[in-house]
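Content type PDB, C-alpha atoms and all ligand atoms, from the file work.pdb:
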```pdb
ATOM      1  CA  MET D 633     -11.990 -26.434  -2.159
ATOM      2  CA  ARG D 634     -11.239 -23.460  -4.392
ATOM      3  CA  ILE D 635      -7.725 -22.014  -4.680
ATOM      4  CA  ALA D 636      -6.764 -18.869  -6.617
ATOM      5  CA  VAL D 637      -3.721 -19.327  -8.883
ATOM      6  CA  SER D 638      -1.616 -16.937 -10.948
ATOM      7  CA  ARG D 639      -2.605 -17.612 -14.526
ATOM      8  CA  CYS D 640       0.959 -17.796 -15.833
ATOM      9  CA  LEU D 641       1.585 -20.782 -13.513
ATOM     10  CA  LEU D 642      -1.094 -22.725 -15.381
ATOM     11  CA  GLY D 643       0.914 -22.366 -18.585
ATOM     12  CA  GLU D 644      -0.949 -19.399 -20.061
ATOM     13  CA  ALA D 645       1.260 -16.929 -21.945
ATOM     14  CA  VAL D 646       0.190 -13.796 -20.056
ATOM     15  CA  ARG D 647       3.497 -12.505 -18.680
ATOM     16  CA  TYR D 648       4.862  -9.093 -19.614
ATOM     17  CA  ASP D 649       7.345 -10.798 -21.973
ATOM     18  CA  GLY D 650       4.609 -12.822 -23.684
ATOM     19  CA  LYS D 651       5.682 -16.030 -21.986
ATOM     20  CA  SER D 652       4.191 -18.344 -19.369
ATOM     21  CA  LYS D 653       5.717 -19.860 -16.243
ATOM     22  CA  PRO D 654       4.136 -23.314 -15.921
ATOM     23  CA  CYS D 655       4.355 -24.826 -12.456
ATOM     24  CA  ALA D 656       4.245 -28.641 -12.396
ATOM     25  CA  ALA D 657       3.074 -28.861  -8.778
ATOM     26  CA  VAL D 658       0.124 -26.579  -9.520
ATOM     27  CA  ARG D 659      -0.842 -28.218 -12.803
ATOM     28  CA  GLU D 660      -0.388 -31.813 -11.713
ATOM     29  CA  LEU D 661      -0.660 -32.069  -7.921
ATOM     30  CA  LEU D 662      -2.831 -29.135  -6.864
ATOM     31  CA  ALA D 663      -5.241 -29.349  -9.820
ATOM     32  CA  ALA D 664      -6.069 -32.939  -8.827
ATOM     33  CA  ARG D 665      -7.009 -31.887  -5.286
ATOM     34  CA  ALA D 666      -8.695 -28.484  -5.605
ATOM     35  CA  GLU D 667     -10.692 -26.343  -8.010
ATOM     36  CA  LEU D 668      -8.289 -23.756  -9.370
ATOM     37  CA  VAL D 669      -9.483 -20.209 -10.088
ATOM     38  CA  ALA D 670      -7.085 -18.504 -12.523
ATOM     39  CA  VAL D 671      -6.305 -14.830 -12.046
ATOM     40  CA  CYS D 672      -3.876 -12.475 -13.807
ATOM     41  CA  PRO D 673      -3.984  -9.022 -12.220
ATOM     42  CA  GLU D 674      -2.024  -7.304 -14.976
ATOM     43  CA  VAL D 675      -4.070  -8.652 -17.888
ATOM     44  CA  GLU D 676      -7.375  -8.265 -16.040
ATOM     45  CA  VAL D 677      -6.613  -4.636 -15.201
ATOM     46  CA  GLY D 678      -6.175  -3.950 -18.914
ATOM     47  CA  MET D 679      -2.470  -4.350 -19.667
ATOM     48  CA  THR D 680      -1.488  -5.940 -22.979
ATOM     49  CA  VAL D 681       0.568  -9.074 -23.704
ATOM     50  CA  PRO D 682       3.426  -8.427 -24.189
ATOM     51  CA  ARG D 683       3.685  -5.197 -22.197
ATOM     52  CA  GLU D 684       6.040  -2.805 -20.522
ATOM     53  CA  ALA D 685       7.322  -4.227 -17.234
ATOM     54  CA  VAL D 686       6.071  -2.390 -14.147
ATOM     55  CA  ASP D 687       7.964  -1.445 -10.983
ATOM     56  CA  LEU D 688       6.819  -0.786  -7.424
ATOM     57  CA  VAL D 689       7.964   2.545  -5.995
ATOM     58  CA  GLY D 690       7.318   4.099  -2.578
ATOM     59  CA  ALA D 691       6.492   2.792   0.888
ATOM     60  CA  PRO D 692       6.316  -1.048   0.876
ATOM     61  CA  GLU D 693       2.902  -1.006   2.612
ATOM     62  CA  ALA D 694       1.390   1.155  -0.166
ATOM     63  CA  PRO D 695       3.690   1.407  -3.193
ATOM     64  CA  ARG D 696       2.818   2.901  -6.569
ATOM     65  CA  MET D 697       2.889   0.670  -9.686
ATOM     66  CA  VAL D 698       4.619   2.465 -12.555
ATOM     67  CA  GLY D 699       5.884   1.540 -16.012
ATOM     68  CA  ALA D 700       9.596   0.731 -15.896
ATOM     69  CA  GLU D 701      10.350   2.890 -18.954
ATOM     70  CA  THR D 702       7.463   5.337 -19.353
ATOM     71  CA  GLY D 703       6.544   5.842 -15.692
ATOM     72  CA  GLN D 704       2.864   5.264 -16.571
ATOM     73  CA  ASP D 705       1.057   5.118 -13.251
ATOM     74  CA  TRP D 706      -1.222   2.060 -12.882
ATOM     75  CA  THR D 707      -1.711   2.374  -9.118
ATOM     76  CA  ALA D 708      -5.285   3.673  -8.930
ATOM     77  CA  ARG D 709      -6.574   1.260 -11.564
ATOM     78  CA  MET D 710      -4.786  -1.724 -10.057
ATOM     79  CA  ASP D 711      -5.896  -0.916  -6.491
ATOM     80  CA  ALA D 712      -9.537  -0.498  -7.557
ATOM     81  CA  TRP D 713      -9.475  -3.653  -9.701
ATOM     82  CA  ALA D 714      -7.768  -5.684  -6.955
ATOM     83  CA  ARG D 715     -10.345  -4.669  -4.326
ATOM     84  CA  GLY D 716     -13.182  -5.803  -6.570
ATOM     85  CA  ARG D 717     -11.513  -9.009  -7.777
ATOM     86  CA  VAL D 718     -10.539 -10.055  -4.249
ATOM     87  CA  ALA D 719     -14.125  -9.499  -3.076
ATOM     88  CA  ASP D 720     -15.304 -11.628  -6.013
ATOM     89  CA  LEU D 721     -12.801 -14.409  -5.210
ATOM     90  CA  LEU D 722     -13.809 -14.436  -1.550
ATOM     91  CA  ALA D 723     -17.471 -14.610  -2.556
ATOM     92  CA  GLN D 724     -16.533 -17.677  -4.634
ATOM     93  CA  GLY D 725     -15.117 -19.215  -1.458
ATOM     94  CA  ILE D 726     -11.404 -19.353  -2.226
ATOM     95  CA  ALA D 727      -9.461 -20.765   0.720
ATOM     96  CA  GLY D 728      -5.937 -19.784  -0.359
ATOM     97  CA  ALA D 729      -3.782 -18.635  -3.258
ATOM     98  CA  VAL D 730      -0.686 -19.847  -5.125
ATOM     99  CA  LEU D 731       1.062 -16.896  -6.701
ATOM    100  CA  LYS D 732       4.060 -16.279  -8.939
ATOM    101  CA  ALA D 733       7.213 -15.262  -7.063
ATOM    102  CA  ARG D 734       8.743 -11.794  -7.441
ATOM    103  CA  SER D 735       5.936 -10.281  -9.527
ATOM    104  CA  PRO D 736       4.990  -6.639  -8.770
ATOM    105  CA  SER D 737       1.374  -7.849  -8.706
ATOM    106  CA  CYS D 738       1.553 -11.431  -7.424
ATOM    107  CA  GLY D 739       4.794 -11.433  -5.365
ATOM    108  CA  ILE D 740       4.350 -12.568  -1.744
ATOM    109  CA  GLY D 741       6.975 -10.755   0.315
ATOM    110  CA  ASP D 742       9.497 -10.946  -2.524
ATOM    111  CA  ALA D 743       8.433  -8.239  -4.973
ATOM    112  CA  ALA D 744      11.073  -5.522  -5.426
ATOM    113  CA  VAL D 745       9.917  -2.198  -3.916
ATOM    114  CA  ALA D 746      12.165   0.871  -4.305
ATOM    115  CA  ARG D 747      11.651   3.891  -2.055
ATOM    116  CA  GLU D 748      12.207   6.103  -5.101
ATOM    117  CA  ALA D 749      12.517   5.419  -8.842
ATOM    118  CA  GLY D 750      15.907   3.872  -9.523
ATOM    119  CA  GLY D 751      16.560   3.333  -5.804
ATOM    120  CA  ILE D 752      17.761   0.136  -4.166
ATOM    121  CA  PRO D 753      14.735  -2.169  -3.793
ATOM    122  CA  VAL D 754      13.641  -3.994  -0.661
ATOM    123  CA  PRO D 755      11.368  -7.065  -0.659
ATOM    124  CA  GLY D 756       7.634  -6.440  -0.296
ATOM    125  CA  ASP D 757       4.219  -7.573  -1.483
ATOM    126  CA  GLY D 758       2.758  -7.061  -4.953
ATOM    127  CA  LEU D 759      -0.394  -4.936  -5.197
ATOM    128  CA  PHE D 760      -2.739  -7.908  -5.629
ATOM    129  CA  VAL D 761      -1.211  -9.558  -2.556
ATOM    130  CA  LEU D 762      -1.642  -6.384  -0.496
ATOM    131  CA  ALA D 763      -5.346  -6.416  -1.433
ATOM    132  CA  LEU D 764      -5.645 -10.109  -0.513
ATOM    133  CA  ARG D 765      -3.974  -9.550   2.857
ATOM    134  CA  ARG D 766      -6.233  -6.581   3.645
ATOM    135  CA  ALA D 767      -9.471  -8.403   2.764
ATOM    136  CA  ALA D 768      -8.590 -11.874   4.064
ATOM    137  CA  PRO D 769      -6.014 -11.673   6.858
ATOM    138  CA  GLY D 770      -4.500 -15.052   7.647
ATOM    139  CA  MET D 771      -5.562 -16.713   4.411
ATOM    140  CA  PRO D 772      -2.735 -19.029   3.264
ATOM    141  CA  LEU D 773      -0.744 -17.544   0.388
ATOM    142  CA  VAL D 774       2.158 -19.480  -1.105
ATOM    143  CA  ARG D 775       4.829 -18.713  -3.709
ATOM    144  CA  ASP D 776       5.066 -21.135  -6.626
ATOM    145  CA  GLU D 777       8.706 -21.698  -5.724
ATOM    146  CA  ASP D 778       7.662 -22.992  -2.290
ATOM    147  CA  LEU D 779       5.206 -25.476  -3.747
ATOM    148  CA  VAL D 780       7.283 -28.198  -5.367
ATOM    149  CA  SER D 781       6.811 -31.532  -3.597
ATOM    150  CA  ALA D 782       3.618 -33.474  -2.864
ATOM    151  CA  ALA D 783       4.266 -32.857   0.848
ATOM    152  CA  GLU D 784       4.380 -29.072   0.304
ATOM    153  CA  VAL D 785       1.125 -29.201  -1.661
ATOM    154  CA  GLU D 786      -0.468 -31.286   1.096
ATOM    155  CA  ASP D 787       0.711 -28.885   3.804
ATOM    156  CA  PHE D 788      -0.667 -25.891   1.886
ATOM    157  CA  LEU D 789      -4.035 -27.608   1.337
ATOM    158  CA  GLU D 790      -4.231 -28.468   5.021
ATOM    159  CA  ARG D 791      -3.629 -24.832   5.986
ATOM    160  CA  ALA D 792      -6.221 -23.678   3.427
ATOM    161  CA  ARG D 793      -8.747 -26.205   4.748
ATOM    162  CA  SER D 794      -8.147 -25.088   8.289
ATOM    163  CA  HIS D 795      -8.480 -21.401   7.340
ATOM    164  CA  ALA D 796     -11.748 -22.080   5.471
ATOM    165  CA  GLY D 797     -13.053 -24.110   8.418
ATOM    166  CA  GLY D 798     -12.298 -21.293  10.848
ATOM    167  CA  ARG D 799     -14.003 -18.797   8.563
ATOM    168  CA  SER D 800     -17.236 -20.803   8.346
ATOM    169  CA  ARG D 801     -17.547 -21.364  12.109
TER
HETATM  170  S1  LIG W   1       2.780 -13.028 -12.217
HETATM  171 FE1  LIG W   1       0.646 -12.433 -11.909
HETATM  172  S2  LIG W   1       0.407 -10.535 -13.072
HETATM  173 FE2  LIG W   1       2.292 -11.509 -13.788
HETATM  174  S3  LIG W   1       1.660 -12.738 -15.562
HETATM  175 FE3  LIG W   1       1.576 -14.077 -13.783
HETATM  176  S4  LIG W   1      -0.550 -13.940 -13.114
HETATM  177 FE4  LIG W   1      -0.202 -12.198 -14.449
END
```
Written as C-alpha cells, that's how I'd like the structure from this file.
Amino acid sequence: MRIAVSRCLLGEAVRYDGKSKPCAAVRELLAARAELVAVCPEVEVGMTVPREAVDLVGAPEAPRMVGAETGQDWTARMDAWARGRVADLLAQGIAGAVLKARSPSCGIGDAAVAREAGGIPVPGDGLFVLALRRAAPGMPLVRDEDLVSAAEVEDFLERARSHAGGRSR
C-alpha cells in the first residue's frame, strides 16, 4: 500500500526555516508497513529552503497563499501544481496521506486562514489538502500529531486499506 507523506516528517530539512520535523511513528512504524511517497508542496512548487513563510488569506474553502512579509501571491502556481501532483499521486495508487499539522500547504483542518491580511485566523485546510479532498473525497488524511502510537498507525492503515478496497470495486 502506498501512502503520501509530508517530506519534512521523514526528516528532510525542507521547512521554511530550513529545518525538518521528523515523526517517529512515520519513520519507524508506518515505513515498515507501507510504501511512503514523499511530497513537499512548497519546495515542489518552486519555493526555496529557507524561505519566507506563507499565510492563507480569504475564504477558508478557497484561500489565497501569500508571503507573510512581501505579500507575494503563490495561489495560482500552488493550485495548478497541487492539481497535477494529486492526479499523479492517485495514479500511483496512494490510499491515504500523513501530513504535517498547521502548515498552510499540508495542514488538515488546522491551518490558520485569515479572512483578510492581519485578521484573526480560523482553522482550515492547506492548499494541498484542499486539492486532495477535491480529487479524492473520503480518502483518509491524518495529521502527524494524531499518529503517535502503534494502534493509531494500525487504525489509519485499516482506513486506508478500506478506502482503497472501495475504490477498486
Ligand atoms: S509542511 Fe508540507 S510544505 Fe511544509 S515543509 Fe513539510 S512537506 Fe513541505
Care to translate the PyMOL selection byres (((chain D and resi 698-709) around 7) and not hetatm) into actual residues of this file, as a PDB file with C-alpha atoms, keeping the file's coordinate frame?
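Saved result, expr-v3.pdb, follows:
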```pdb
ATOM      1  CA  VAL D 677      -6.613  -4.636 -15.201  1.00  0.00           C
ATOM      2  CA  GLU D 684       6.040  -2.805 -20.522  1.00  0.00           C
ATOM      3  CA  ALA D 685       7.322  -4.227 -17.234  1.00  0.00           C
ATOM      4  CA  VAL D 686       6.071  -2.390 -14.147  1.00  0.00           C
ATOM      5  CA  ASP D 687       7.964  -1.445 -10.983  1.00  0.00           C
ATOM      6  CA  LEU D 688       6.819  -0.786  -7.424  1.00  0.00           C
ATOM      7  CA  ARG D 696       2.818   2.901  -6.569  1.00  0.00           C
ATOM      8  CA  MET D 697       2.889   0.670  -9.686  1.00  0.00           C
ATOM      9  CA  MET D 710      -4.786  -1.724 -10.057  1.00  0.00           C
ATOM     10  CA  ASP D 711      -5.896  -0.916  -6.491  1.00  0.00           C
ATOM     11  CA  ALA D 712      -9.537  -0.498  -7.557  1.00  0.00           C
ATOM     12  CA  TRP D 713      -9.475  -3.653  -9.701  1.00  0.00           C
TER      13      TRP D 713
END
```
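We find CA of Val671 in chain D and CA of Ala782 in chain D to be spaced 23.0 Å apart.
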Check your understanding: Nearest to Gly798 in chain D among D:Ala727, D:Ala783, D:Leu722, D:Ala664, with distances taken over only C-alpha atoms: which residue is it?
Key -> D:Ala727
Review point. Can you list, as JSON, numbers by chain, every protein, DNA or RNA residue that comes within 12 Å of Pro772 in chain D when you count all atoms listed in the file, leaving out same-chain residues fewer than 2 positions away?
Key: {"D": [635, 636, 726, 727, 728, 729, 730, 731, 740, 761, 764, 765, 768, 769, 770, 774, 775, 785, 787, 788, 789, 790, 791, 792, 793, 794, 795, 796]}
Run the PyMOL selection byres (((not hetatm)) within 7 of (chain W and resi 1)) on the file and write out the hits as a short mmCIF file (atom, residue, chain, number, x, y, z; two decimals) with C-alpha atoms, in the frame of the given file.
```
data_model
loop_
_atom_site.label_atom_id
_atom_site.label_comp_id
_atom_site.auth_asym_id
_atom_site.auth_seq_id
_atom_site.Cartn_x
_atom_site.Cartn_y
_atom_site.Cartn_z
CA SER D 638 -1.62 -16.94 -10.95
CA ARG D 639 -2.60 -17.61 -14.53
CA CYS D 640 0.96 -17.80 -15.83
CA LEU D 641 1.58 -20.78 -13.51
CA VAL D 646 0.19 -13.80 -20.06
CA ARG D 647 3.50 -12.50 -18.68
CA TYR D 648 4.86 -9.09 -19.61
CA VAL D 671 -6.30 -14.83 -12.05
CA CYS D 672 -3.88 -12.48 -13.81
CA PRO D 673 -3.98 -9.02 -12.22
CA GLU D 674 -2.02 -7.30 -14.98
CA VAL D 675 -4.07 -8.65 -17.89
CA LEU D 731 1.06 -16.90 -6.70
CA LYS D 732 4.06 -16.28 -8.94
CA SER D 735 5.94 -10.28 -9.53
CA SER D 737 1.37 -7.85 -8.71
CA CYS D 738 1.55 -11.43 -7.42
#
```
Selection result of the PyMOL selection byres (((chain D and resi 666) around 8) and not hetatm) on this file, as a compact mmCIF listing (two decimals) with C-alpha atoms, in the frame of the given file:
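The result, stored in result.txt:
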```txt
# COMPACT_ATOMS: atom_id res chain seq x y z
CA MET D 633 -11.99 -26.43 -2.16
CA ARG D 634 -11.24 -23.46 -4.39
CA ILE D 635 -7.72 -22.01 -4.68
CA LEU D 662 -2.83 -29.14 -6.86
CA ALA D 663 -5.24 -29.35 -9.82
CA ALA D 664 -6.07 -32.94 -8.83
CA ARG D 665 -7.01 -31.89 -5.29
CA GLU D 667 -10.69 -26.34 -8.01
CA LEU D 668 -8.29 -23.76 -9.37
```
Exercise for review: Work out how far CA of Ala763 in chain D is from CA of Gly741 in chain D, in Å to one decimal.
Suggested key: 13.2 Å
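Here CA of Gly756 in chain D stands at a distance of 26.5 Å from CA of Ala723 in chain D.
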Point to revise | Selected residue of minimal separation from Lys653 in chain D among D:Ala733, D:Ala746, D:Leu773, D:Leu721, counting all atoms listed in the file | key: D:Ala733
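In this comparison, which uses all atoms listed in the file, the residue of D:Ala719, D:Val780, D:Ala749, D:Leu759 approaching Leu661 in chain D most closely is D:Val780.
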Contacts of Arg747 in chain D at 8 Å (all atoms listed in the file; same-chain gap of 3+ positions) as a PDB file with C-alpha atoms, in the frame of the given file:
```
ATOM      1  CA  VAL D 689       7.964   2.545  -5.995  1.00  0.00           C
ATOM      2  CA  GLY D 690       7.318   4.099  -2.578  1.00  0.00           C
ATOM      3  CA  ALA D 691       6.492   2.792   0.888  1.00  0.00           C
ATOM      4  CA  PRO D 692       6.316  -1.048   0.876  1.00  0.00           C
ATOM      5  CA  GLY D 751      16.560   3.333  -5.804  1.00  0.00           C
ATOM      6  CA  ILE D 752      17.761   0.136  -4.166  1.00  0.00           C
ATOM      7  CA  PRO D 753      14.735  -2.169  -3.793  1.00  0.00           C
TER       8      PRO D 753
END
```
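Residue nearest Val745 in chain D, chosen from D:Pro695, D:Gly643, D:Gly650, D:Gly716 and counting all atoms listed in the file: D:Pro695.
Distances here use only C-alpha atoms; by that measure, the residue among D:Leu779, D:Ala714, D:Val681, D:Val754 closest to Ala645 in chain D is D:Val681.
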Export N, CA and C atoms of range 666-687 of chain D from the structure just given, as an mmCIF file, in the first residue's frame?
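Final file, part-v5.cif:
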```cif
data_model
loop_
_atom_site.group_PDB
_atom_site.id
_atom_site.type_symbol
_atom_site.label_atom_id
_atom_site.label_comp_id
_atom_site.auth_asym_id
_atom_site.auth_seq_id
_atom_site.Cartn_x
_atom_site.Cartn_y
_atom_site.Cartn_z
ATOM 1 N N ALA D 666 4.080 0.257 4.940
ATOM 2 C CA ALA D 666 3.560 0.813 3.688
ATOM 3 C C ALA D 666 4.711 1.432 2.905
ATOM 4 N N GLU D 667 4.481 1.626 1.615
ATOM 5 C CA GLU D 667 5.467 2.328 0.786
ATOM 6 C C GLU D 667 5.159 3.816 0.876
ATOM 7 N N LEU D 668 6.104 4.583 1.373
ATOM 8 C CA LEU D 668 5.855 6.007 1.581
ATOM 9 C C LEU D 668 6.269 6.807 0.342
ATOM 10 N N VAL D 669 5.405 7.730 -0.063
ATOM 11 C CA VAL D 669 5.693 8.605 -1.204
ATOM 12 C C VAL D 669 5.846 10.028 -0.652
ATOM 13 N N ALA D 670 7.067 10.542 -0.655
ATOM 14 C CA ALA D 670 7.350 11.847 -0.048
ATOM 15 C C ALA D 670 6.877 12.976 -0.951
ATOM 16 N N VAL D 671 6.265 13.990 -0.332
ATOM 17 C CA VAL D 671 5.830 15.150 -1.100
ATOM 18 C C VAL D 671 6.009 16.411 -0.259
ATOM 19 N N CYS D 672 6.573 17.456 -0.864
ATOM 20 C CA CYS D 672 6.662 18.760 -0.193
ATOM 21 C C CYS D 672 6.090 19.803 -1.145
ATOM 22 N N PRO D 673 4.846 20.200 -0.938
ATOM 23 C CA PRO D 673 4.219 21.148 -1.859
ATOM 24 C C PRO D 673 5.031 22.428 -2.052
ATOM 25 N N GLU D 674 5.572 22.972 -0.985
ATOM 26 C CA GLU D 674 6.219 24.282 -1.110
ATOM 27 C C GLU D 674 7.529 24.198 -1.889
ATOM 28 N N VAL D 675 8.320 23.155 -1.648
ATOM 29 C CA VAL D 675 9.560 23.003 -2.410
ATOM 30 C C VAL D 675 9.242 22.616 -3.854
ATOM 31 N N GLU D 676 8.281 21.714 -4.036
ATOM 32 C CA GLU D 676 7.982 21.243 -5.393
ATOM 33 C C GLU D 676 7.343 22.323 -6.263
ATOM 34 N N VAL D 677 6.716 23.319 -5.619
ATOM 35 C CA VAL D 677 6.129 24.400 -6.422
ATOM 36 C C VAL D 677 7.187 25.445 -6.781
ATOM 37 N N GLY D 678 8.377 25.323 -6.176
ATOM 38 C CA GLY D 678 9.463 26.219 -6.562
ATOM 39 C C GLY D 678 9.941 27.171 -5.479
ATOM 40 N N MET D 679 9.473 26.992 -4.247
ATOM 41 C CA MET D 679 9.958 27.851 -3.163
ATOM 42 C C MET D 679 11.334 27.355 -2.709
ATOM 43 N N THR D 680 12.118 28.261 -2.152
ATOM 44 C CA THR D 680 13.474 27.916 -1.715
ATOM 45 C C THR D 680 13.464 27.397 -0.278
ATOM 46 N N VAL D 681 14.610 26.857 0.142
ATOM 47 C CA VAL D 681 14.830 26.475 1.551
ATOM 48 C C VAL D 681 16.100 27.189 2.005
ATOM 49 N N PRO D 682 16.071 28.030 3.043
ATOM 50 C CA PRO D 682 14.862 28.504 3.719
ATOM 51 C C PRO D 682 14.081 29.478 2.828
ATOM 52 N N ARG D 683 12.928 29.899 3.305
ATOM 53 C CA ARG D 683 12.056 30.767 2.502
ATOM 54 C C ARG D 683 11.190 31.617 3.419
ATOM 55 N N GLU D 684 10.564 32.597 2.785
ATOM 56 C CA GLU D 684 9.592 33.411 3.507
ATOM 57 C C GLU D 684 8.397 32.535 3.882
ATOM 58 N N ALA D 685 7.925 32.650 5.104
ATOM 59 C CA ALA D 685 6.708 31.910 5.484
ATOM 60 C C ALA D 685 5.535 32.425 4.656
ATOM 61 N N VAL D 686 4.565 31.555 4.410
ATOM 62 C CA VAL D 686 3.366 31.988 3.670
ATOM 63 C C VAL D 686 2.136 31.893 4.572
ATOM 64 N N ASP D 687 1.178 32.758 4.301
ATOM 65 C CA ASP D 687 -0.093 32.788 5.042
ATOM 66 C C ASP D 687 -1.242 32.458 4.103
#
```
